[in-house]
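Enquirer: Input work.txt, format and content: compact mmCIF, C-alpha atoms.
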# COMPACT_ATOMS: atom_id res chain seq x y z
CA MET A 18 128.14 104.81 110.98
CA GLY A 19 128.19 101.13 110.14
CA ALA A 20 124.51 100.31 110.74
CA ILE A 21 121.33 101.40 109.08
CA GLU A 22 118.61 102.90 111.25
CA ARG A 23 116.31 99.90 111.63
CA SER A 24 116.43 96.15 111.58
CA VAL A 25 115.57 94.49 108.27
CA GLY A 26 115.86 91.08 106.73
CA GLN A 27 118.34 90.58 103.91
CA GLU A 28 115.75 90.87 101.11
CA GLU A 29 114.26 94.04 102.60
CA PHE A 30 117.72 95.46 103.18
CA PHE A 31 118.55 95.23 99.49
CA ASN A 32 115.16 96.72 98.66
CA THR A 33 115.97 99.78 100.79
CA LEU A 34 119.42 100.50 99.36
CA ASP A 35 118.08 103.28 97.15
CA ASP A 36 117.03 105.25 100.24
CA LYS A 37 120.39 105.21 101.96
CA SER A 38 122.41 107.75 100.01
CA ASP A 39 121.99 110.91 97.98
CA GLY A 40 123.34 109.09 94.97
CA GLY A 41 120.26 106.88 94.83
CA LYS A 42 121.90 103.71 96.10
CA LEU A 43 124.67 102.56 98.34
CA ARG A 44 128.00 102.62 96.55
CA GLY A 45 129.35 99.32 97.77
CA ASP A 46 129.25 96.11 95.73
CA TYR A 47 127.08 93.69 97.72
CA SER A 48 127.01 90.95 95.07
CA ASP A 49 129.74 88.86 96.72
CA ALA A 50 128.73 89.49 100.36
CA ASP A 51 128.08 86.41 102.49
CA ALA A 52 125.24 86.00 105.01
CA GLN A 53 127.03 88.35 107.42
CA TYR A 54 127.78 90.86 104.65
CA VAL A 55 131.48 90.03 104.71
CA VAL A 56 133.45 90.36 101.47
CA ALA A 57 137.07 89.93 100.47
CA GLN A 58 139.07 93.13 100.82
CA LYS A 59 141.02 92.45 97.60
CA TRP A 60 143.85 94.67 98.79
CA ALA A 61 145.94 94.03 95.66
CA GLY A 62 143.17 95.61 93.59
CA TYR A 63 143.60 99.11 95.00
CA THR A 64 145.28 101.42 92.50
CA GLN A 65 148.32 103.59 93.07
CA ALA A 66 146.04 106.62 92.75
CA GLN A 67 143.87 105.29 95.56
CA HIS A 68 146.88 104.68 97.77
CA GLU A 69 148.04 108.22 97.04
CA LEU A 70 144.62 109.62 97.95
CA TRP A 71 144.77 107.65 101.19
CA ARG A 72 148.19 109.13 101.95
CA ARG A 73 146.84 112.65 101.36
CA LEU A 74 143.82 112.04 103.61
CA TYR A 75 146.01 110.46 106.27
CA ASP A 76 148.57 113.26 106.19
CA ARG A 77 145.89 115.95 106.46
CA GLN A 78 144.22 114.28 109.44
CA VAL A 79 147.44 113.47 111.29
CA ARG A 80 148.43 117.13 111.13
CA LEU A 81 145.10 118.06 112.75
CA LEU A 82 145.29 115.57 115.63
CA PRO A 83 147.71 117.26 118.09
CA GLY A 84 145.79 119.28 120.65
CA ARG A 85 142.48 117.99 119.26
CA ALA A 86 142.46 114.18 119.51
CA CYS A 87 142.79 112.19 122.74
CA GLU A 88 146.31 110.89 123.31
CA VAL A 89 145.31 107.23 123.33
CA PHE A 90 144.01 107.64 119.78
CA ILE A 91 147.22 109.31 118.61
CA ASP A 92 149.39 106.65 120.27
CA SER A 93 147.36 103.79 118.81
CA LEU A 94 147.43 105.32 115.33
CA LYS A 95 151.23 105.39 115.41
CA LYS A 96 151.35 101.70 116.31
CA MET A 97 149.34 100.73 113.24
CA ASP A 98 151.83 102.06 110.67
CA ALA A 99 149.03 102.91 108.22
CA ALA A 100 150.37 106.10 106.67
CA GLN A 101 151.73 104.77 103.39
CA GLY A 102 148.57 103.46 101.77
CA ILE A 103 145.26 101.69 102.28
CA PRO A 104 145.95 99.11 104.99
CA ASP A 105 145.68 95.36 104.57
CA PHE A 106 142.93 94.39 107.02
CA ALA A 107 144.51 90.98 107.66
CA HIS A 108 147.72 92.60 108.91
CA THR A 109 145.86 94.98 111.23
CA SER A 110 143.61 92.16 112.45
CA ALA A 111 146.66 90.23 113.59
CA GLN A 112 147.83 93.27 115.56
CA LEU A 113 144.38 93.81 117.06
CA MET A 114 143.97 90.17 118.02
CA ALA A 115 147.22 90.31 119.95
CA ALA A 116 146.29 93.59 121.64
CA THR A 117 142.58 93.28 122.48
CA GLY A 118 141.17 90.18 120.80
CA TRP A 119 139.43 92.05 117.96
CA THR A 120 139.54 91.44 114.22
CA LEU A 121 138.43 93.47 111.20
CA VAL A 122 135.92 92.19 108.67
CA ALA A 123 135.63 93.72 105.21
CA VAL A 124 132.11 94.83 104.22
CA PRO A 125 130.71 96.55 101.11
CA GLY A 126 129.42 99.52 103.12
CA LEU A 127 126.46 99.96 105.44
CA VAL A 128 125.02 96.71 106.82
CA PRO A 129 121.75 95.82 108.60
CA ASP A 130 121.54 96.57 112.31
CA PHE A 131 121.44 92.95 113.43
CA THR A 132 124.53 92.10 111.40
CA PHE A 133 126.39 95.16 112.68
CA PHE A 134 125.58 94.41 116.32
CA GLU A 135 126.38 90.74 115.89
CA HIS A 136 129.84 91.58 114.55
CA LEU A 137 130.54 93.94 117.45
CA ALA A 138 129.25 91.45 120.02
CA ASN A 139 131.80 88.96 118.69
CA ARG A 140 134.67 91.48 118.65
CA ARG A 141 134.61 91.92 114.88
CA PHE A 142 134.62 95.44 113.48
CA PRO A 143 133.13 95.96 109.99
CA VAL A 144 135.28 98.15 107.73
CA THR A 145 134.09 99.37 104.33
CA VAL A 146 136.38 98.35 101.48
CA TRP A 147 135.90 101.22 98.99
CA LEU A 148 137.61 104.62 99.09
CA ARG A 149 136.03 107.99 98.26
CA GLU A 150 136.82 109.86 95.06
CA PRO A 151 139.37 112.74 94.99
CA GLU A 152 136.60 115.33 94.71
CA GLU A 153 135.20 114.02 98.02
CA PHE A 154 138.42 114.79 99.86
CA ASP A 155 136.76 117.12 102.37
CA TYR A 156 133.33 115.53 102.74
CA ILE A 157 131.64 112.22 102.04
CA ALA A 158 128.04 111.24 102.77
CA GLU A 159 128.66 107.51 103.26
CA PRO A 160 131.40 106.04 105.45
CA ASP A 161 134.28 104.76 103.36
CA VAL A 162 137.41 102.84 104.25
CA PHE A 163 139.17 105.99 105.44
CA HIS A 164 136.39 106.93 107.85
CA ASP A 165 136.00 103.38 109.16
CA PHE A 166 139.69 102.58 109.48
CA PHE A 167 141.25 105.89 110.47
CA GLY A 168 138.36 106.96 112.69
CA HIS A 169 137.42 103.71 114.42
CA VAL A 170 140.23 101.18 114.40
CA PRO A 171 142.90 102.94 116.52
CA LEU A 172 140.75 102.97 119.68
CA LEU A 173 140.12 99.25 119.29
CA PHE A 174 143.70 98.92 120.56
CA ASN A 175 142.52 100.42 123.88
CA PRO A 176 141.26 97.55 126.12
CA VAL A 177 138.62 99.64 127.90
CA PHE A 178 137.20 101.09 124.69
CA ALA A 179 137.40 97.72 122.95
CA ASP A 180 135.38 96.11 125.73
CA HIS A 181 132.85 98.94 125.61
CA LEU A 182 132.27 98.45 121.89
CA GLN A 183 131.67 94.74 122.37
CA GLU A 184 129.12 95.50 125.09
CA TYR A 185 127.46 97.97 122.75
CA GLY A 186 127.09 95.14 120.22
CA LYS A 187 125.52 92.88 122.82
CA GLY A 188 123.26 95.73 123.88
CA GLY A 189 122.14 96.28 120.31
CA LEU A 190 121.04 92.66 119.96
CA LYS A 191 119.12 92.96 123.23
CA ALA A 192 117.57 96.33 122.30
CA MET A 193 116.00 95.13 119.07
CA PRO A 194 113.01 93.26 120.62
CA LEU A 195 112.62 96.04 123.22
CA ASP A 196 112.16 98.81 120.63
CA GLY A 197 115.29 100.45 121.97
CA LEU A 198 117.32 100.74 118.77
CA THR A 199 116.55 104.41 118.25
CA ASN A 200 117.75 105.21 121.76
CA LEU A 201 120.82 103.03 121.50
CA GLY A 202 121.61 104.46 118.08
CA ARG A 203 121.72 107.94 119.61
CA LEU A 204 124.11 106.67 122.27
CA TYR A 205 126.41 105.22 119.62
CA TRP A 206 126.23 108.42 117.56
CA TYR A 207 127.12 110.75 120.43
CA THR A 208 129.93 108.56 121.79
CA VAL A 209 131.60 106.23 119.29
CA GLU A 210 131.02 108.61 116.37
CA PHE A 211 131.03 112.11 117.89
CA GLY A 212 132.22 111.85 121.49
CA LEU A 213 134.46 114.27 123.37
CA ILE A 214 136.57 113.45 126.42
CA ARG A 215 137.87 115.81 129.09
CA THR A 216 141.59 115.43 129.76
CA GLU A 217 144.10 117.32 131.92
CA ALA A 218 145.03 119.27 128.79
CA GLY A 219 141.42 120.18 127.97
CA LEU A 220 138.68 118.76 125.74
CA ARG A 221 139.75 116.23 123.14
CA ALA A 222 137.88 114.24 120.50
CA TYR A 223 137.58 110.46 120.48
CA GLY A 224 134.60 109.99 118.14
CA ALA A 225 135.42 108.53 114.73
CA GLY A 226 133.20 110.95 112.85
CA ILE A 227 135.20 113.83 114.30
CA LEU A 228 138.65 112.27 114.03
CA SER A 229 138.23 111.46 110.34
CA SER A 230 136.80 114.90 109.45
CA GLY A 231 138.95 117.71 108.16
CA GLY A 232 136.64 120.41 109.51
CA GLU A 233 134.68 119.09 112.46
CA ILE A 234 137.79 118.15 114.41
CA GLU A 235 138.40 121.88 114.94
CA TYR A 236 134.77 122.98 115.03
CA CYS A 237 133.79 120.61 117.84
CA LEU A 238 136.40 122.07 120.19
CA THR A 239 136.54 125.78 119.39
CA SER A 240 133.33 126.93 117.73
CA PRO A 241 130.98 128.89 120.02
CA GLN A 242 127.94 127.46 118.23
CA PRO A 243 127.56 123.86 119.52
CA ARG A 244 126.70 122.76 123.05
CA ARG A 245 129.19 120.62 124.95
CA ILE A 246 127.38 118.82 127.75
CA ARG A 247 128.51 116.39 130.42
CA PHE A 248 127.68 112.84 129.43
CA ASP A 249 124.57 111.22 130.88
CA ALA A 250 123.41 108.03 129.17
CA GLU A 251 119.67 108.62 129.46
CA ARG A 252 120.02 112.25 128.36
CA VAL A 253 121.97 111.12 125.32
CA MET A 254 119.43 108.44 124.42
CA ARG A 255 116.72 111.08 124.43
CA THR A 256 118.57 113.46 122.09
CA THR A 257 118.13 113.50 118.32
CA TYR A 258 121.05 114.24 116.01
CA LYS A 259 121.90 115.62 112.58
CA ILE A 260 123.49 113.42 109.93
CA ASP A 261 124.10 116.05 107.26
CA SER A 262 125.87 118.82 109.17
CA TYR A 263 128.27 119.39 112.03
CA GLN A 264 126.77 118.40 115.36
CA GLU A 265 124.79 120.93 117.40
CA THR A 266 125.60 119.12 120.64
CA TYR A 267 128.55 117.07 121.84
CA PHE A 268 128.56 115.00 125.03
CA VAL A 269 131.70 114.96 127.16
CA ILE A 270 132.96 111.96 129.14
CA ASP A 271 135.58 112.17 131.91
CA SER A 272 137.30 108.91 130.92
CA PHE A 273 136.76 105.75 128.94
CA GLU A 274 136.34 103.95 132.25
CA GLN A 275 133.40 106.26 133.03
CA LEU A 276 131.89 105.62 129.62
CA PHE A 277 132.18 101.86 130.14
CA ALA A 278 130.68 102.02 133.63
CA ASP A 279 127.81 104.32 132.65
CA THR A 280 126.81 102.20 129.68
CA ALA A 281 127.20 98.81 131.37
CA PRO A 282 123.82 98.67 133.22
CA ASP A 283 120.71 97.10 131.72
CA PHE A 284 118.99 99.78 129.60
CA THR A 285 115.58 98.06 129.65
CA PRO A 286 114.12 100.51 132.23
CA ILE A 287 115.46 103.47 130.23
CA TYR A 288 113.88 102.20 127.03
CA ALA A 289 110.57 101.86 128.86
CA ARG A 290 110.76 105.38 130.31
CA LEU A 291 111.72 107.02 127.05
CA LYS A 292 108.79 105.52 125.16
CA ASP A 293 106.56 108.06 126.90
CA VAL A 294 108.99 110.99 126.84
CA GLU A 295 109.35 113.46 124.01
CA ALA A 296 112.73 113.43 122.31
CA LEU A 297 114.98 116.44 122.71
CA SER A 298 116.15 118.38 119.68
CA ALA A 299 119.84 118.28 118.85
CA ASN A 300 120.46 121.84 120.08
CA THR A 301 118.74 121.54 123.47
CA LEU A 302 120.37 122.84 126.65
CA LEU A 303 118.33 121.84 129.69
CA ILE A 304 118.03 123.86 132.89
CA GLY A 305 121.04 123.12 135.08
CA GLU A 306 123.25 121.89 132.25
CA VAL A 307 126.56 123.63 131.70
CA ASN A 308 127.89 124.34 128.24
CA GLN A 309 131.51 123.27 128.66
CA THR A 310 134.43 124.91 126.91
CA ALA A 311 137.77 123.57 125.79
Any chance you could put this one into structure tokens?

Expert:
Amino acid sequence: MGAIERSVGQEEFFNTLDDKSDGGKLRGDYSDADAQYVVAQKWAGYTQAQHELWRRLYDRQVRLLPGRACEVFIDSLKKMDAAQGIPDFAHTSAQLMAATGWTLVAVPGLVPDFTFFEHLANRRFPVTVWLREPEEFDYIAEPDVFHDFFGHVPLLFNPVFADHLQEYGKGGLKAMPLDGLTNLGRLYWYTVEFGLIRTEAGLRAYGAGILSSGGEIEYCLTSPQPRRIRFDAERVMRTTYKIDSYQETYFVIDSFEQLFADTAPDFTPIYARLKDVEALSANTLLIGEVNQTA
């Protein structure tokens, strides 16, 4: 949820801000962003009320993780020691650099596709600096610092997942001239944001959009309404998704190693094939597919 849907130049990006949120414009302050949309976090500027809201969000989500989140996410979250307030990105970056060679960069909010992919390709993860308001405790339309940090950063401590995300960034830069961004965006959505993984203990969530949500973390595993389908990269790239409701379909990987292997090949032939194939709706279950259960 860090990239907008299409590639734009900086001037056009600012001209399209009004279309990117229900509030009429993106909420972040872009006035001090550099050419890569990086800003200073200004950690000392967060108020005590904001730190308290973070603690409430963190406590609620941590209580929901057991039996729902993959163990590697839970273990990594504990290592970060981020329960007491909005984290200082510099401190976490030092930990990440030692663990997997990644750093965090502060951004005002959503950034253009090229910038987003370029950061990932260089093992930099963009994290929004602002925090939602108290009345948005249960739902927020734009990704804020809690979504970006709590949902995404822990798995960057996992070497396999960290390498996968870098390859996704490289793939995004390659996909742009091949008209493959829509397909690659679907892959990102259904894995990094809303992916499920099968473990010995049953289905678990690893997608940041699920792990940072108070409601979808339960819905994705137990509700009879959505489809839960075995992961296939081309199938995923063909499937549309919903941005304003819980997902109608989740794709299930067997391991992060499988995800890395299945998304490592050159997607150029897939992009070419899918240009002439009709997209599948978000609630599609094809003949032969099994709707998996927890």

Enquirer: State, in Å with one decimal place, the distance from atom CA of Ala222 of chain A to atom CA of Ala86 of chain A.

Expert: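 Between these atoms lies a distance of 4.7 Å.
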
Enquirer: Could you check the closest approach to Gly45 of chain A for each of A:Ala123, A:Ala99, A:Ala218, A:Ala138 and tell me which residue wins, using only C-alpha atoms?

Expert: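 The shortest atom-to-atom distance to Gly45 of chain A comes from A:Ala123.
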
Enquirer: What's the 12 Å shell around Pro241 of chain A, counting all atoms listed in the file, without same-chain residues fewer than 2 positions away, as a list of chain:residue names?

Expert: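 Using all atoms listed in the file, the neighbours found are A:Glu235, A:Tyr236, A:Cys237, A:Leu238, A:Thr239, A:Pro243, A:Arg244, A:Arg245, A:Glu265, A:Thr266, A:Asn308, A:Gln309, A:Thr310, A:Ala311.
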
Enquirer: Save out the residues we just selected, C-alpha atoms, as a PDB file, in the coordinates of the input.

Expert:
ATOM      1  CA  GLU A 235     138.400 121.880 114.940  1.00  0.00           C
ATOM      2  CA  TYR A 236     134.770 122.980 115.030  1.00  0.00           C
ATOM      3  CA  CYS A 237     133.790 120.610 117.840  1.00  0.00           C
ATOM      4  CA  LEU A 238     136.400 122.070 120.190  1.00  0.00           C
ATOM      5  CA  THR A 239     136.540 125.780 119.390  1.00  0.00           C
ATOM      6  CA  PRO A 243     127.560 123.860 119.520  1.00  0.00           C
ATOM      7  CA  ARG A 244     126.700 122.760 123.050  1.00  0.00           C
ATOM      8  CA  ARG A 245     129.190 120.620 124.950  1.00  0.00           C
ATOM      9  CA  GLU A 265     124.790 120.930 117.400  1.00  0.00           C
ATOM     10  CA  THR A 266     125.600 119.120 120.640  1.00  0.00           C
ATOM     11  CA  ASN A 308     127.890 124.340 128.240  1.00  0.00           C
ATOM     12  CA  GLN A 309     131.510 123.270 128.660  1.00  0.00           C
ATOM     13  CA  THR A 310     134.430 124.910 126.910  1.00  0.00           C
ATOM     14  CA  ALA A 311     137.770 123.570 125.790  1.00  0.00           C
TER      15      ALA A 311
END

Enquirer: Between atom CA of Val89 of chain A and atom CA of Leu182 of chain A, what is the distance, to one decimal in Å?

Expert: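 Calculated distance between atom CA of Val89 of chain A and atom CA of Leu182 of chain A is 15.8 Å.
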
Enquirer: May I have the residues within 12 Å of Met114 of chain A as a ChimeraX atom specification, using only C-alpha atoms and disregarding those fewer than 4 positions away in the same chain?

Expert: /A:106-110,118-121,140-142,173-176,179

Enquirer: Could you give me, as a VMD selection string, the residues within 7 Å of Arg247 of chain A, counting all atoms listed in the file and dropping anything in the same chain fewer than 2 positions from it?

Expert: chain A and resid 245 249 268 to 270

Enquirer: If we count only C-alpha atoms and set the cut-off at 10 Å, which residues sit around Asp92 of chain A, ignoring sequence neighbours fewer than 2 positions away in its own chain? Please answer as a list of chain:residue names.

Expert: A:Cys87, A:Glu88, A:Val89, A:Phe90, A:Leu94, A:Lys95, A:Lys96, A:Met97, A:Pro171, A:Leu172, A:Phe174, A:Asn175

Enquirer: Have a look at atom CA of Thr285 of chain A and atom CA of Glu251 of chain A and let me know their distance in Å, one decimal.

Expert: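 So the two atoms, atom CA of Thr285 of chain A and atom CA of Glu251 of chain A, lie 11.3 Å apart.
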
Enquirer: Which residue gives the smallest distance to Pro129 of chain A among A:Ala52, A:Ala66, A:Ile103, A:Leu81, with only C-alpha atoms counted?

Expert: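 Closest residue, counting only C-alpha atoms: A:Ala52.
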
Enquirer: Kindly assemble as CSV a list of the segment 41-146 of chain A residues that lie within 10 Å of segment 191-207 of chain A, each paired with its nearest atom pair and their distance in Å to one decimal, using all atoms listed in the file, sorted first by chain and then by ascending residue number.

Expert:
residue,atom,partner,partner_atom,distance
A:Asp130,CA,A:Leu198,CA,8.8
A:Phe131,CA,A:Met193,CA,8.1
A:Phe134,CA,A:Lys191,CA,9.6

Enquirer: What lies within 12 Å of Asp76 of chain A using only C-alpha atoms, ignoring chain neighbours under 6 positions off, as a CSV table (one decimal) with C-alpha atoms, in the coordinates of the input?

Expert:
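Listing of part_33.csv after writing:
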chain,number,residue,atom,x,y,z
A,69,GLU,CA,148.0,108.2,97.0
A,70,LEU,CA,144.6,109.6,98.0
A,82,LEU,CA,145.3,115.6,115.6
A,99,ALA,CA,149.0,102.9,108.2
A,100,ALA,CA,150.4,106.1,106.7
A,101,GLN,CA,151.7,104.8,103.4
A,102,GLY,CA,148.6,103.5,101.8
A,163,PHE,CA,139.2,106.0,105.4
A,167,PHE,CA,141.2,105.9,110.5
A,229,SER,CA,138.2,111.5,110.3
A,231,GLY,CA,139.0,117.7,108.2

Enquirer: Would you list the residues near (130.8, 115.7, 108.5) (no more than 9 Å away, in the coordinates of the file, using all atoms listed in the file) as a list in words?

Expert: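 Residues with an atom close enough to that point: Asp155, Tyr156, Ile157, Ala158, Gly226, Ile227, Ser229, Ser230, Gly231, Gly232, Glu233, Ile260, Asp261, Ser262, Tyr263 and Gln264 of chain A.
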
Enquirer: My list of candidates is A:Leu228, A:Ala250, A:Ala50, A:Leu148. Which is closest to Arg72 of chain A when distances are computed with all atoms listed in the file?

Expert: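 When distances to Arg72 of chain A are compared using all atoms listed in the file, the smallest one comes from A:Leu148.
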
Enquirer: Take segment 168-179 of chain A, bring it up to all heavy atoms, and give me the output as a PDB file, keeping the file's coordinate frame.

Expert:
ATOM      1  N   GLY A 168     139.156 106.448 111.576  1.00  0.00           N
ATOM      2  CA  GLY A 168     138.360 106.960 112.690  1.00  0.00           C
ATOM      3  C   GLY A 168     138.106 105.955 113.786  1.00  0.00           C
ATOM      4  O   GLY A 168     138.144 106.304 114.965  1.00  0.00           O
ATOM      5  N   HIS A 169     137.869 104.689 113.422  1.00  0.00           N
ATOM      6  CA  HIS A 169     137.420 103.710 114.420  1.00  0.00           C
ATOM      7  C   HIS A 169     138.506 102.768 114.935  1.00  0.00           C
ATOM      8  O   HIS A 169     138.535 102.440 116.121  1.00  0.00           O
ATOM      9  CB  HIS A 169     136.302 102.843 113.825  1.00  0.00           C
ATOM     10  CG  HIS A 169     134.978 103.525 113.743  1.00  0.00           C
ATOM     11  ND1 HIS A 169     134.191 103.758 114.849  1.00  0.00           N
ATOM     12  CD2 HIS A 169     134.284 104.020 112.679  1.00  0.00           C
ATOM     13  CE1 HIS A 169     133.072 104.361 114.479  1.00  0.00           C
ATOM     14  NE2 HIS A 169     133.109 104.545 113.172  1.00  0.00           N
ATOM     15  N   VAL A 170     139.354 102.295 114.039  1.00  0.00           N
ATOM     16  CA  VAL A 170     140.230 101.180 114.400  1.00  0.00           C
ATOM     17  C   VAL A 170     141.260 101.515 115.488  1.00  0.00           C
ATOM     18  O   VAL A 170     141.503 100.687 116.369  1.00  0.00           O
ATOM     19  CB  VAL A 170     140.915 100.611 113.140  1.00  0.00           C
ATOM     20  CG1 VAL A 170     141.940  99.543 113.509  1.00  0.00           C
ATOM     21  CG2 VAL A 170     139.856 100.021 112.205  1.00  0.00           C
ATOM     22  N   PRO A 171     141.879 102.695 115.490  1.00  0.00           N
ATOM     23  CA  PRO A 171     142.900 102.940 116.520  1.00  0.00           C
ATOM     24  C   PRO A 171     142.418 102.702 117.948  1.00  0.00           C
ATOM     25  O   PRO A 171     143.134 102.084 118.750  1.00  0.00           O
ATOM     26  CB  PRO A 171     143.261 104.415 116.294  1.00  0.00           C
ATOM     27  CG  PRO A 171     143.044 104.622 114.835  1.00  0.00           C
ATOM     28  CD  PRO A 171     141.818 103.818 114.522  1.00  0.00           C
ATOM     29  N   LEU A 172     141.217 103.140 118.290  1.00  0.00           N
ATOM     30  CA  LEU A 172     140.750 102.970 119.680  1.00  0.00           C
ATOM     31  C   LEU A 172     140.401 101.531 120.003  1.00  0.00           C
ATOM     32  O   LEU A 172     140.237 101.194 121.183  1.00  0.00           O
ATOM     33  CB  LEU A 172     139.563 103.886 119.951  1.00  0.00           C
ATOM     34  CG  LEU A 172     139.926 105.348 120.187  1.00  0.00           C
ATOM     35  CD1 LEU A 172     138.685 106.193 120.426  1.00  0.00           C
ATOM     36  CD2 LEU A 172     140.880 105.492 121.372  1.00  0.00           C
ATOM     37  N   LEU A 173     140.313 100.669 119.001  1.00  0.00           N
ATOM     38  CA  LEU A 173     140.120  99.250 119.290  1.00  0.00           C
ATOM     39  C   LEU A 173     141.365  98.646 119.935  1.00  0.00           C
ATOM     40  O   LEU A 173     141.308  97.548 120.487  1.00  0.00           O
ATOM     41  CB  LEU A 173     139.773  98.490 118.013  1.00  0.00           C
ATOM     42  CG  LEU A 173     138.398  98.764 117.421  1.00  0.00           C
ATOM     43  CD1 LEU A 173     138.243  98.048 116.087  1.00  0.00           C
ATOM     44  CD2 LEU A 173     137.299  98.331 118.382  1.00  0.00           C
ATOM     45  N   PHE A 174     142.490  99.364 119.873  1.00  0.00           N
ATOM     46  CA  PHE A 174     143.700  98.920 120.560  1.00  0.00           C
ATOM     47  C   PHE A 174     143.653  99.257 122.052  1.00  0.00           C
ATOM     48  O   PHE A 174     144.494  98.795 122.814  1.00  0.00           O
ATOM     49  CB  PHE A 174     144.944  99.548 119.932  1.00  0.00           C
ATOM     50  CG  PHE A 174     145.353  98.916 118.641  1.00  0.00           C
ATOM     51  CD1 PHE A 174     144.807  99.343 117.432  1.00  0.00           C
ATOM     52  CD2 PHE A 174     146.277  97.879 118.610  1.00  0.00           C
ATOM     53  CE1 PHE A 174     145.173  98.769 116.230  1.00  0.00           C
ATOM     54  CE2 PHE A 174     146.657  97.288 117.415  1.00  0.00           C
ATOM     55  CZ  PHE A 174     146.098  97.730 116.222  1.00  0.00           C
ATOM     56  N   ASN A 175     142.684 100.082 122.468  1.00  0.00           N
ATOM     57  CA  ASN A 175     142.520 100.420 123.880  1.00  0.00           C
ATOM     58  C   ASN A 175     141.607  99.392 124.527  1.00  0.00           C
ATOM     59  O   ASN A 175     140.447  99.265 124.129  1.00  0.00           O
ATOM     60  CB  ASN A 175     141.919 101.822 124.004  1.00  0.00           C
ATOM     61  CG  ASN A 175     141.651 102.205 125.445  1.00  0.00           C
ATOM     62  OD1 ASN A 175     140.591 101.892 125.979  1.00  0.00           O
ATOM     63  ND2 ASN A 175     142.593 102.872 126.083  1.00  0.00           N
ATOM     64  N   PRO A 176     142.075  98.639 125.542  1.00  0.00           N
ATOM     65  CA  PRO A 176     141.260  97.550 126.120  1.00  0.00           C
ATOM     66  C   PRO A 176     139.918  98.017 126.657  1.00  0.00           C
ATOM     67  O   PRO A 176     138.908  97.325 126.488  1.00  0.00           O
ATOM     68  CB  PRO A 176     142.155  96.997 127.235  1.00  0.00           C
ATOM     69  CG  PRO A 176     143.543  97.347 126.815  1.00  0.00           C
ATOM     70  CD  PRO A 176     143.426  98.680 126.132  1.00  0.00           C
ATOM     71  N   VAL A 177     139.882  99.170 127.320  1.00  0.00           N
ATOM     72  CA  VAL A 177     138.620  99.640 127.900  1.00  0.00           C
ATOM     73  C   VAL A 177     137.630  99.982 126.795  1.00  0.00           C
ATOM     74  O   VAL A 177     136.458  99.578 126.833  1.00  0.00           O
ATOM     75  CB  VAL A 177     138.864 100.858 128.820  1.00  0.00           C
ATOM     76  CG1 VAL A 177     137.539 101.440 129.310  1.00  0.00           C
ATOM     77  CG2 VAL A 177     139.726 100.454 130.005  1.00  0.00           C
ATOM     78  N   PHE A 178     138.081 100.730 125.785  1.00  0.00           N
ATOM     79  CA  PHE A 178     137.200 101.090 124.690  1.00  0.00           C
ATOM     80  C   PHE A 178     136.787  99.865 123.891  1.00  0.00           C
ATOM     81  O   PHE A 178     135.629  99.757 123.460  1.00  0.00           O
ATOM     82  CB  PHE A 178     137.877 102.109 123.781  1.00  0.00           C
ATOM     83  CG  PHE A 178     136.957 102.717 122.759  1.00  0.00           C
ATOM     84  CD1 PHE A 178     136.165 103.810 123.091  1.00  0.00           C
ATOM     85  CD2 PHE A 178     136.869 102.196 121.482  1.00  0.00           C
ATOM     86  CE1 PHE A 178     135.304 104.372 122.155  1.00  0.00           C
ATOM     87  CE2 PHE A 178     136.009 102.749 120.543  1.00  0.00           C
ATOM     88  CZ  PHE A 178     135.230 103.839 120.889  1.00  0.00           C
ATOM     89  N   ALA A 179     137.709  98.945 123.695  1.00  0.00           N
ATOM     90  CA  ALA A 179     137.400  97.720 122.950  1.00  0.00           C
ATOM     91  C   ALA A 179     136.312  96.916 123.661  1.00  0.00           C
ATOM     92  O   ALA A 179     135.393  96.391 123.025  1.00  0.00           O
ATOM     93  CB  ALA A 179     138.655  96.881 122.777  1.00  0.00           C
TER      94      ALA A 179
END
